[in-house]
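Next comes run_31.cif, with mmCIF, C-alpha atoms and all ligand atoms.
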data_coords
#
loop_
_atom_site.group_PDB
_atom_site.id
_atom_site.type_symbol
_atom_site.label_atom_id
_atom_site.label_comp_id
_atom_site.auth_asym_id
_atom_site.auth_seq_id
_atom_site.Cartn_x
_atom_site.Cartn_y
_atom_site.Cartn_z
ATOM 1 C CA MET A 88 11.487 -21.066 4.197
ATOM 2 C CA THR A 89 14.815 -20.800 2.436
ATOM 3 C CA ILE A 90 16.595 -17.482 2.303
ATOM 4 C CA ILE A 91 17.653 -16.771 -1.259
ATOM 5 C CA LYS A 92 18.863 -13.200 -0.962
ATOM 6 C CA THR A 93 19.982 -10.823 1.738
ATOM 7 C CA GLU A 94 21.310 -7.336 1.167
ATOM 8 C CA VAL A 95 22.205 -4.468 3.444
ATOM 9 C CA VAL A 96 21.184 -1.118 1.963
ATOM 10 C CA PRO A 97 23.410 1.657 3.378
ATOM 11 C CA LYS A 98 21.811 4.785 4.818
ATOM 12 C CA ASN A 99 20.537 7.273 2.244
ATOM 13 C CA SER A 100 20.843 4.842 -0.634
ATOM 14 C CA GLY A 101 18.451 2.631 -2.564
ATOM 15 C CA ALA A 102 18.207 -0.824 -4.049
ATOM 16 C CA ALA A 103 15.780 -2.790 -6.213
ATOM 17 C CA PHE A 104 14.893 -6.478 -6.197
ATOM 18 C CA GLU A 105 12.911 -8.865 -8.361
ATOM 19 C CA VAL A 106 10.585 -10.979 -6.238
ATOM 20 C CA ARG A 107 8.495 -13.859 -7.585
ATOM 21 C CA GLN A 108 4.875 -14.542 -6.762
ATOM 22 C CA GLY A 109 4.661 -16.531 -3.524
ATOM 23 C CA GLN A 110 8.089 -15.499 -2.269
ATOM 24 C CA ARG A 111 8.433 -13.713 1.059
ATOM 25 C CA LEU A 112 10.128 -10.350 1.285
ATOM 26 C CA ARG A 113 11.476 -8.989 4.578
ATOM 27 C CA ILE A 114 12.318 -5.333 5.183
ATOM 28 C CA ALA A 115 14.234 -4.945 8.447
ATOM 29 C CA GLY A 116 15.679 -1.941 10.220
ATOM 30 C CA ARG A 117 15.299 0.770 12.818
ATOM 31 C CA SER A 118 14.670 3.793 10.583
ATOM 32 C CA ILE A 119 12.356 4.806 7.765
ATOM 33 C CA VAL A 120 12.200 2.761 4.567
ATOM 34 C CA ASP A 121 10.451 4.207 1.510
ATOM 35 C CA PHE A 122 9.041 1.178 -0.310
ATOM 36 C CA VAL A 123 7.544 0.950 -3.807
ATOM 37 C CA ALA A 124 6.491 -1.954 -6.039
ATOM 38 C CA PHE A 125 5.911 -2.553 -9.758
ATOM 39 C CA ASN A 126 4.409 -5.473 -11.660
ATOM 40 C CA LEU A 127 7.512 -7.147 -13.077
ATOM 41 C CA ARG A 128 5.519 -8.282 -16.165
ATOM 42 C CA ASP A 129 4.194 -4.787 -16.875
ATOM 43 C CA LEU A 130 6.181 -2.079 -15.138
ATOM 44 C CA THR A 131 3.486 0.516 -15.855
ATOM 45 C CA GLU A 132 1.371 -1.163 -13.147
ATOM 46 C CA ARG A 133 2.486 0.313 -9.837
ATOM 47 C CA PHE A 134 1.678 0.422 -6.150
ATOM 48 C CA ASP A 135 -0.992 2.966 -5.275
ATOM 49 C CA GLN A 136 -1.390 4.580 -1.845
ATOM 50 C CA ALA A 137 -4.993 5.670 -2.456
ATOM 51 C CA ARG A 138 -6.290 2.291 -3.660
ATOM 52 C CA THR A 139 -4.548 0.618 -0.732
ATOM 53 C CA LYS A 140 -6.259 2.937 1.752
ATOM 54 C CA THR A 141 -9.681 3.056 0.100
ATOM 55 C CA ASN A 142 -10.032 -0.681 -0.441
ATOM 56 C CA GLN A 143 -9.371 -1.309 3.239
ATOM 57 C CA VAL A 144 -11.013 1.909 4.530
ATOM 58 C CA LYS A 145 -8.062 2.881 6.697
ATOM 59 C CA ILE A 146 -4.868 4.843 6.539
ATOM 60 C CA PHE A 147 -2.707 2.498 8.619
ATOM 61 C CA ILE A 148 -1.862 -1.003 7.427
ATOM 62 C CA SER A 149 -0.212 -3.944 9.143
ATOM 63 C CA THR A 150 -0.405 -7.746 9.290
ATOM 64 C CA GLY A 151 -3.136 -9.121 7.035
ATOM 65 C CA ASP A 152 -3.430 -5.991 4.917
ATOM 66 C CA ILE A 153 -2.769 -5.714 1.208
ATOM 67 C CA LEU A 154 -0.791 -3.313 -0.938
ATOM 68 C CA TYR A 155 -2.809 -2.663 -4.110
ATOM 69 C CA SER A 156 -1.777 -1.431 -7.538
ATOM 70 C CA LYS A 157 -3.492 1.438 -9.313
ATOM 71 C CA ARG A 158 -5.329 -1.243 -11.316
ATOM 72 C CA ASN A 159 -6.684 -2.572 -8.031
ATOM 73 C CA ASN A 160 -4.724 -5.803 -8.150
ATOM 74 C CA PRO A 161 -3.169 -7.129 -4.930
ATOM 75 C CA MET A 162 0.598 -6.752 -5.173
ATOM 76 C CA LEU A 163 1.733 -7.777 -1.686
ATOM 77 C CA THR A 164 0.161 -8.957 1.561
ATOM 78 C CA ILE A 165 1.738 -8.085 4.904
ATOM 79 C CA VAL A 166 2.163 -11.425 6.678
ATOM 80 C CA GLU A 167 4.209 -10.287 9.669
ATOM 81 C CA ASP A 168 4.871 -6.896 11.273
ATOM 82 C CA SER A 169 7.061 -6.630 14.366
ATOM 83 C CA PHE A 170 6.951 -2.801 14.606
ATOM 84 C CA LYS A 171 4.941 -2.406 17.808
ATOM 85 C CA GLU A 172 6.045 1.055 18.967
ATOM 86 C CA GLY A 173 4.201 2.847 16.172
ATOM 87 C CA ARG A 174 2.548 2.547 12.758
ATOM 88 C CA HIS A 175 3.671 2.798 9.170
ATOM 89 C CA ASP A 176 2.729 5.699 6.910
ATOM 90 C CA LEU A 177 0.577 5.860 3.783
ATOM 91 C CA GLN A 178 0.245 9.651 3.571
ATOM 92 C CA LYS A 179 3.590 11.127 2.820
ATOM 93 C CA GLY A 180 5.589 11.010 -0.380
ATOM 94 C CA MET A 181 9.354 10.918 -0.411
ATOM 95 C CA CYS A 182 12.101 13.252 0.632
ATOM 96 C CA SER A 183 14.261 14.683 -2.139
ATOM 97 C CA ARG A 184 16.774 17.436 -2.783
ATOM 98 C CA LYS A 185 13.928 19.680 -3.971
ATOM 99 C CA ARG A 186 11.840 18.994 -0.882
ATOM 100 C CA PHE A 187 14.811 19.708 1.417
ATOM 101 C CA GLU A 188 15.309 23.041 -0.357
ATOM 102 C CA MET A 189 11.614 23.928 -0.088
ATOM 103 C CA VAL A 190 11.543 23.149 3.630
ATOM 104 C CA ALA A 191 14.712 25.182 4.132
ATOM 105 C CA GLN A 192 13.190 28.112 2.223
ATOM 106 C CA GLY A 193 9.910 27.858 4.079
ATOM 107 C CA THR A 194 7.874 27.108 0.944
ATOM 108 C CA ALA A 195 7.091 23.629 2.289
ATOM 109 C CA LYS A 196 6.415 22.663 5.881
ATOM 110 C CA ARG A 197 7.345 19.917 8.235
ATOM 111 C CA VAL A 198 6.048 19.668 11.778
ATOM 112 C CA PHE A 199 6.934 17.376 14.648
ATOM 113 C CA ALA A 200 4.391 16.039 17.113
ATOM 114 C CA GLU A 201 6.833 16.224 19.983
ATOM 115 C CA GLY A 202 7.716 19.791 19.091
ATOM 116 C CA VAL A 203 11.333 18.767 18.796
ATOM 117 C CA ASP A 204 13.202 18.273 15.593
ATOM 118 C CA PRO A 205 16.624 16.934 16.563
ATOM 119 C CA SER A 206 18.043 18.136 13.254
ATOM 120 C CA VAL A 207 17.191 21.775 13.895
ATOM 121 C CA ARG A 208 19.591 24.005 15.773
ATOM 122 C CA ALA A 209 17.622 27.207 15.308
ATOM 123 C CA PRO A 210 14.730 27.910 17.693
ATOM 124 C CA ALA A 211 11.175 27.165 16.648
ATOM 125 C CA LEU A 212 9.768 29.812 14.317
ATOM 126 C CA ALA A 213 6.229 29.729 15.648
ATOM 127 C CA GLU A 214 4.311 28.203 18.498
ATOM 128 C CA GLY A 215 1.910 25.454 17.544
ATOM 129 C CA SER A 216 -1.706 26.359 18.174
ATOM 130 C CA TYR A 217 -3.531 23.394 16.750
ATOM 131 C CA SER A 218 -6.012 21.440 18.801
ATOM 132 C CA GLY A 219 -5.461 17.794 19.476
ATOM 133 C CA PHE A 220 -1.822 16.933 19.875
ATOM 134 C CA ARG A 221 -0.710 20.302 21.259
ATOM 135 C CA PRO A 222 2.787 20.374 19.840
ATOM 136 C CA VAL A 223 5.239 22.392 21.849
ATOM 137 C CA GLY A 224 6.537 24.221 18.783
ATOM 138 C CA LEU A 225 5.891 24.404 15.079
ATOM 139 C CA HIS A 226 9.246 23.749 13.502
ATOM 140 C CA ILE A 227 9.961 24.593 9.892
ATOM 141 C CA ASN A 228 13.425 23.059 9.783
ATOM 142 C CA PRO A 229 15.548 26.032 8.765
ATOM 143 C CA LYS A 230 18.845 24.890 7.387
ATOM 144 C CA ALA A 231 21.831 26.575 5.825
ATOM 145 C CA PRO A 232 22.353 25.711 2.129
ATOM 146 C CA GLU A 233 25.441 23.680 2.927
ATOM 147 C CA GLU A 234 23.429 21.608 5.410
ATOM 148 C CA ILE A 235 20.825 20.563 2.858
ATOM 149 C CA PRO A 236 21.372 16.942 1.754
ATOM 150 C CA ASP A 237 22.091 16.670 -1.970
ATOM 151 C CA HIS A 238 19.742 13.721 -2.340
ATOM 152 C CA GLY A 239 16.963 11.845 -0.593
ATOM 153 C CA CYS A 240 14.589 8.949 -1.137
ATOM 154 C CA TRP A 241 13.361 10.107 -4.554
ATOM 155 C CA GLU A 242 16.883 10.183 -5.920
ATOM 156 C CA ASN A 243 17.694 6.854 -4.229
ATOM 157 C CA LEU A 244 14.646 5.138 -5.719
ATOM 158 C CA SER A 245 15.261 6.762 -9.106
ATOM 159 C CA ARG A 246 18.756 5.319 -9.246
ATOM 160 C CA ALA A 247 17.584 1.932 -8.001
ATOM 161 C CA VAL A 248 14.955 1.439 -10.743
ATOM 162 C CA LYS A 249 16.945 3.024 -13.568
ATOM 163 C CA PRO A 250 18.189 -0.362 -14.907
ATOM 164 C CA TRP A 251 14.513 -1.198 -15.593
ATOM 165 C CA ASN A 252 14.082 2.079 -17.527
ATOM 166 C CA ILE A 253 11.575 3.478 -15.068
ATOM 167 C CA SER A 254 11.479 7.271 -15.103
ATOM 168 C CA PRO A 255 11.708 9.133 -11.776
ATOM 169 C CA ASP A 256 8.293 10.625 -12.596
ATOM 170 C CA ASP A 257 6.818 7.124 -12.732
ATOM 171 C CA ILE A 258 7.832 6.166 -9.199
ATOM 172 C CA PRO A 259 4.658 6.021 -7.115
ATOM 173 C CA SER A 260 4.249 7.546 -3.686
ATOM 174 C CA PRO A 261 5.620 4.928 -1.303
ATOM 175 C CA PHE A 262 4.565 2.815 1.619
ATOM 176 C CA ASN A 263 6.718 4.412 4.313
ATOM 177 C CA ILE A 264 7.779 1.625 6.632
ATOM 178 C CA PHE A 265 8.634 2.605 10.236
ATOM 179 C CA GLN A 266 7.551 6.221 9.541
ATOM 180 C CA CYS A 267 5.194 6.860 12.439
ATOM 181 C CA MET A 268 2.980 9.922 11.878
ATOM 182 C CA ARG A 269 0.483 11.520 14.226
ATOM 183 C CA ILE A 270 -2.504 12.728 12.252
ATOM 184 C CA ASP A 271 -4.817 15.251 13.850
ATOM 185 C CA PRO A 272 -8.352 13.899 13.248
ATOM 186 C CA ASP A 273 -9.861 17.385 13.046
ATOM 187 C CA THR A 274 -7.347 19.393 11.056
ATOM 188 C CA GLY A 275 -5.691 16.537 9.190
ATOM 189 C CA ILE A 276 -2.299 17.976 10.033
ATOM 190 C CA MET A 277 0.400 15.352 9.677
ATOM 191 C CA TYR A 278 2.920 15.477 12.471
ATOM 192 C CA ASP A 279 6.245 13.720 12.117
ATOM 193 C CA THR A 280 7.363 11.764 15.131
ATOM 194 C CA THR A 281 10.653 10.227 16.124
ATOM 195 C CA ILE A 282 8.890 7.000 17.109
ATOM 196 C CA ARG A 283 10.915 4.175 15.551
ATOM 197 C CA PRO A 284 11.601 0.539 16.409
ATOM 198 C CA LYS A 285 13.640 0.391 19.626
ATOM 199 C CA ASP A 286 15.385 -2.711 18.335
ATOM 200 C CA GLU A 287 15.471 -3.941 14.782
ATOM 201 C CA ALA A 288 11.947 -4.600 13.531
ATOM 202 C CA HIS A 289 10.757 -6.145 10.295
ATOM 203 C CA VAL A 290 7.808 -6.242 7.948
ATOM 204 C CA ASP A 291 7.309 -9.420 5.938
ATOM 205 C CA PHE A 292 5.307 -9.442 2.720
ATOM 206 C CA ARG A 293 4.040 -12.255 0.506
ATOM 207 C CA ALA A 294 4.366 -11.330 -3.159
ATOM 208 C CA GLU A 295 0.982 -11.741 -4.850
ATOM 209 C CA MET A 296 2.466 -11.302 -8.335
ATOM 210 C CA ASP A 297 5.941 -11.215 -9.854
ATOM 211 C CA LEU A 298 7.326 -7.886 -8.674
ATOM 212 C CA LEU A 299 10.056 -5.368 -8.952
ATOM 213 C CA VAL A 300 10.347 -3.736 -5.541
ATOM 214 C CA ALA A 301 12.573 -0.832 -4.597
ATOM 215 C CA VAL A 302 13.588 0.547 -1.219
ATOM 216 C CA SER A 303 15.282 3.682 0.033
ATOM 217 C CA ALA A 304 16.936 3.882 3.439
ATOM 218 C CA CYS A 305 15.648 7.375 4.248
ATOM 219 C CA PRO A 306 18.298 9.868 5.399
ATOM 220 C CA GLU A 307 15.834 11.136 8.058
ATOM 221 C CA SER A 308 17.710 14.412 8.389
ATOM 222 C CA GLY A 309 20.848 12.563 9.360
ATOM 223 C CA ARG A 310 19.221 10.035 11.701
ATOM 224 C CA GLY A 311 18.622 7.371 9.057
ATOM 225 C CA GLN A 312 20.433 4.060 9.275
ATOM 226 C CA ALA A 313 21.210 1.145 7.014
ATOM 227 C CA ILE A 314 18.385 -1.323 6.431
ATOM 228 C CA ARG A 315 18.307 -4.972 5.381
ATOM 229 C CA VAL A 316 16.255 -6.671 2.683
ATOM 230 C CA GLU A 317 15.780 -10.443 2.539
ATOM 231 C CA VAL A 318 13.936 -12.649 0.086
ATOM 232 C CA PHE A 319 12.729 -16.123 1.050
ATOM 233 C CA ASP A 320 11.395 -18.967 -1.044
ATOM 234 C CA SER A 321 8.307 -20.424 0.592
HETATM 235 ZN ZN ZN A 401 13.290 9.927 2.794
#

Would you write out, as structure tokens, the structure that this file holds?
Ligand SMILES: [Zn+2]
Amino acid sequence: MTIIKTEVVPKNSGAAFEVRQGQRLRIAGRSIVDFVAFNLRDLTERFDQARTKTNQVKIFISTGDILYSKRNNPMLTIVEDSFKEGRHDLQKGMCSRKRFEMVAQGTAKRVFAEGVDPSVRAPALAEGSYSGFRPVGLHINPKAPEEIPDHGCWENLSRAVKPWNISPDDIPSPFNIFQCMRIDPDTGIMYDTTIRPKDEAHVDFRAEMDLLVAVSACPESGRGQAIRVEVFDS
């Protein structure tokens, strides 16, 4: 394999890349990457979380699994996955200024499996009482207005795909790489965790069509780090 592109994407920023069918794409890092894909020949064809889950009857994907478009065409196949501490996410959407505000106002929730949100200084607002994972506390991430980030993954991805005239509303819900969730099998509650790669991990994909892919190095409430994207010719 010959490396033809490598780019470091700084924390809480985005980038987009054109990848040709058969090329290998590597996403490397130690914090969450929100990843989306579009058919480069018809940008209205996009990655779809639901098709990806339904076609493979599971909510976690790794080596050997496929990312499907809404038209049920294979877009990418995961050919290597070195994240062994946890699993990637196909449930959540993206963080954004609006979402940060809603969580701060209490109109949207966020809960941590460990009962500890390192970004929260205020005490937990309620004790968790769900069966299953028994979280220590149910945190709702209160934050002062000045502490709310002015942008997140939605804004990062929006900026990244703007040169291709893709509207922010047309960005699909992402494949959230290195975002390890705990999902209660009875209640369906989605618990955030702080499980991340201990050392740099990577996910390698084979492009199954010519693609535009975009990534956001998630701010993760201040814990996000820069990530690296590489493209290889096979
Ligand atoms: Zn994010």

Open item on the list: Show me which residues are within 8 Å of ligand ZN 401 (chain A) counting all atoms listed in the file, and format the list as an MDAnalysis selection string.
Closed with: chainID A and resid 99 119:121 181:183 239:241 303:307

Written selection (C-alpha atoms) as a PDB file, keeping the file's coordinate frame:
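Okay, this is what ended up in out_24.pdb:
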ATOM      1  CA  ASN A  99      20.537   7.273   2.244  1.00  0.00           C
ATOM      2  CA  ILE A 119      12.356   4.806   7.765  1.00  0.00           C
ATOM      3  CA  VAL A 120      12.200   2.761   4.567  1.00  0.00           C
ATOM      4  CA  ASP A 121      10.451   4.207   1.510  1.00  0.00           C
ATOM      5  CA  MET A 181       9.354  10.918  -0.411  1.00  0.00           C
ATOM      6  CA  CYS A 182      12.101  13.252   0.632  1.00  0.00           C
ATOM      7  CA  SER A 183      14.261  14.683  -2.139  1.00  0.00           C
ATOM      8  CA  GLY A 239      16.963  11.845  -0.593  1.00  0.00           C
ATOM      9  CA  CYS A 240      14.589   8.949  -1.137  1.00  0.00           C
ATOM     10  CA  TRP A 241      13.361  10.107  -4.554  1.00  0.00           C
ATOM     11  CA  SER A 303      15.282   3.682   0.033  1.00  0.00           C
ATOM     12  CA  ALA A 304      16.936   3.882   3.439  1.00  0.00           C
ATOM     13  CA  CYS A 305      15.648   7.375   4.248  1.00  0.00           C
ATOM     14  CA  PRO A 306      18.298   9.868   5.399  1.00  0.00           C
ATOM     15  CA  GLU A 307      15.834  11.136   8.058  1.00  0.00           C
TER      16      GLU A 307
END

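Between CA of Glu287 in chain A and CA of Glu317 in chain A the interatomic distance comes to 13.9 Å.
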
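Neighbours of Val106 in chain A closer than or equal to 10 Å, with all atoms listed in the file counted and sequence neighbours fewer than 3 positions away skipped, come out as Ala103, Gly109, Gln110, Arg111, Leu112, Ala124, Asn126, Leu127, Arg293, Ala294, Glu295, Met296, Asp297, Leu298, Leu299, Val300, Val318, Phe319 and Asp320 of chain A.
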
Open item on the list: Nearest residue to Cys267 in chain A out of A:Pro255, A:Pro236, A:Pro250, A:Gly173, using all atoms listed in the file?
Closed with: A:Gly173

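Shortest separation to Pro284 in chain A among A:Ile264, A:Val144, A:Val302, A:Ala195 occurs at residue A:Ile264, atoms counted being all atoms listed in the file.
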
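Residues selected in this file by the PyMOL selection byres (((chain A and resi 258) around 10) and not hetatm) comprise A:Val123, A:Ala124, A:Phe125, A:Thr131, A:Arg133, A:Phe134, A:Trp241, A:Leu244, A:Ser245, A:Val248, A:Ile253, A:Ser254, A:Pro255, A:Asp256, A:Asp257, A:Pro259, A:Ser260, A:Pro261, A:Ala301.
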
Could you turn the residues from that selection into a file that holds C-alpha atoms, as a PDB file, in the frame of the given file?
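Saved the output as part_11.pdb:
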ATOM      1  CA  VAL A 123       7.544   0.950  -3.807  1.00  0.00           C
ATOM      2  CA  ALA A 124       6.491  -1.954  -6.039  1.00  0.00           C
ATOM      3  CA  PHE A 125       5.911  -2.553  -9.758  1.00  0.00           C
ATOM      4  CA  THR A 131       3.486   0.516 -15.855  1.00  0.00           C
ATOM      5  CA  ARG A 133       2.486   0.313  -9.837  1.00  0.00           C
ATOM      6  CA  PHE A 134       1.678   0.422  -6.150  1.00  0.00           C
ATOM      7  CA  TRP A 241      13.361  10.107  -4.554  1.00  0.00           C
ATOM      8  CA  LEU A 244      14.646   5.138  -5.719  1.00  0.00           C
ATOM      9  CA  SER A 245      15.261   6.762  -9.106  1.00  0.00           C
ATOM     10  CA  VAL A 248      14.955   1.439 -10.743  1.00  0.00           C
ATOM     11  CA  ILE A 253      11.575   3.478 -15.068  1.00  0.00           C
ATOM     12  CA  SER A 254      11.479   7.271 -15.103  1.00  0.00           C
ATOM     13  CA  PRO A 255      11.708   9.133 -11.776  1.00  0.00           C
ATOM     14  CA  ASP A 256       8.293  10.625 -12.596  1.00  0.00           C
ATOM     15  CA  ASP A 257       6.818   7.124 -12.732  1.00  0.00           C
ATOM     16  CA  PRO A 259       4.658   6.021  -7.115  1.00  0.00           C
ATOM     17  CA  SER A 260       4.249   7.546  -3.686  1.00  0.00           C
ATOM     18  CA  PRO A 261       5.620   4.928  -1.303  1.00  0.00           C
ATOM     19  CA  ALA A 301      12.573  -0.832  -4.597  1.00  0.00           C
TER      20      ALA A 301
END

Open item on the list: Going by the chain IDs and residue numbers used in this file, which residues fall under the PyMOL selection byres (((chain A and resi 315) around 9) and not hetatm)? Write them as a list of chain:residue names.
Closed with: A:Thr93, A:Glu94, A:Val95, A:Val96, A:Pro97, A:Arg113, A:Ile114, A:Ala115, A:Gly116, A:Ala313, A:Ile314, A:Val316, A:Glu317

Open item on the list: When the PyMOL selection byres (((chain A and resi 312) around 6) and not hetatm) is applied to the structure above, which residues does it catch, written out as a list in words?
Closed with: Lys98, Ser118, Gly311 and Ala313 of chain A

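With all atoms listed in the file as the basis for measurement, A:Glu234 is the residue among A:Asp291, A:Asp168, A:Asp129, A:Glu234 that approaches Ala191 in chain A most closely.
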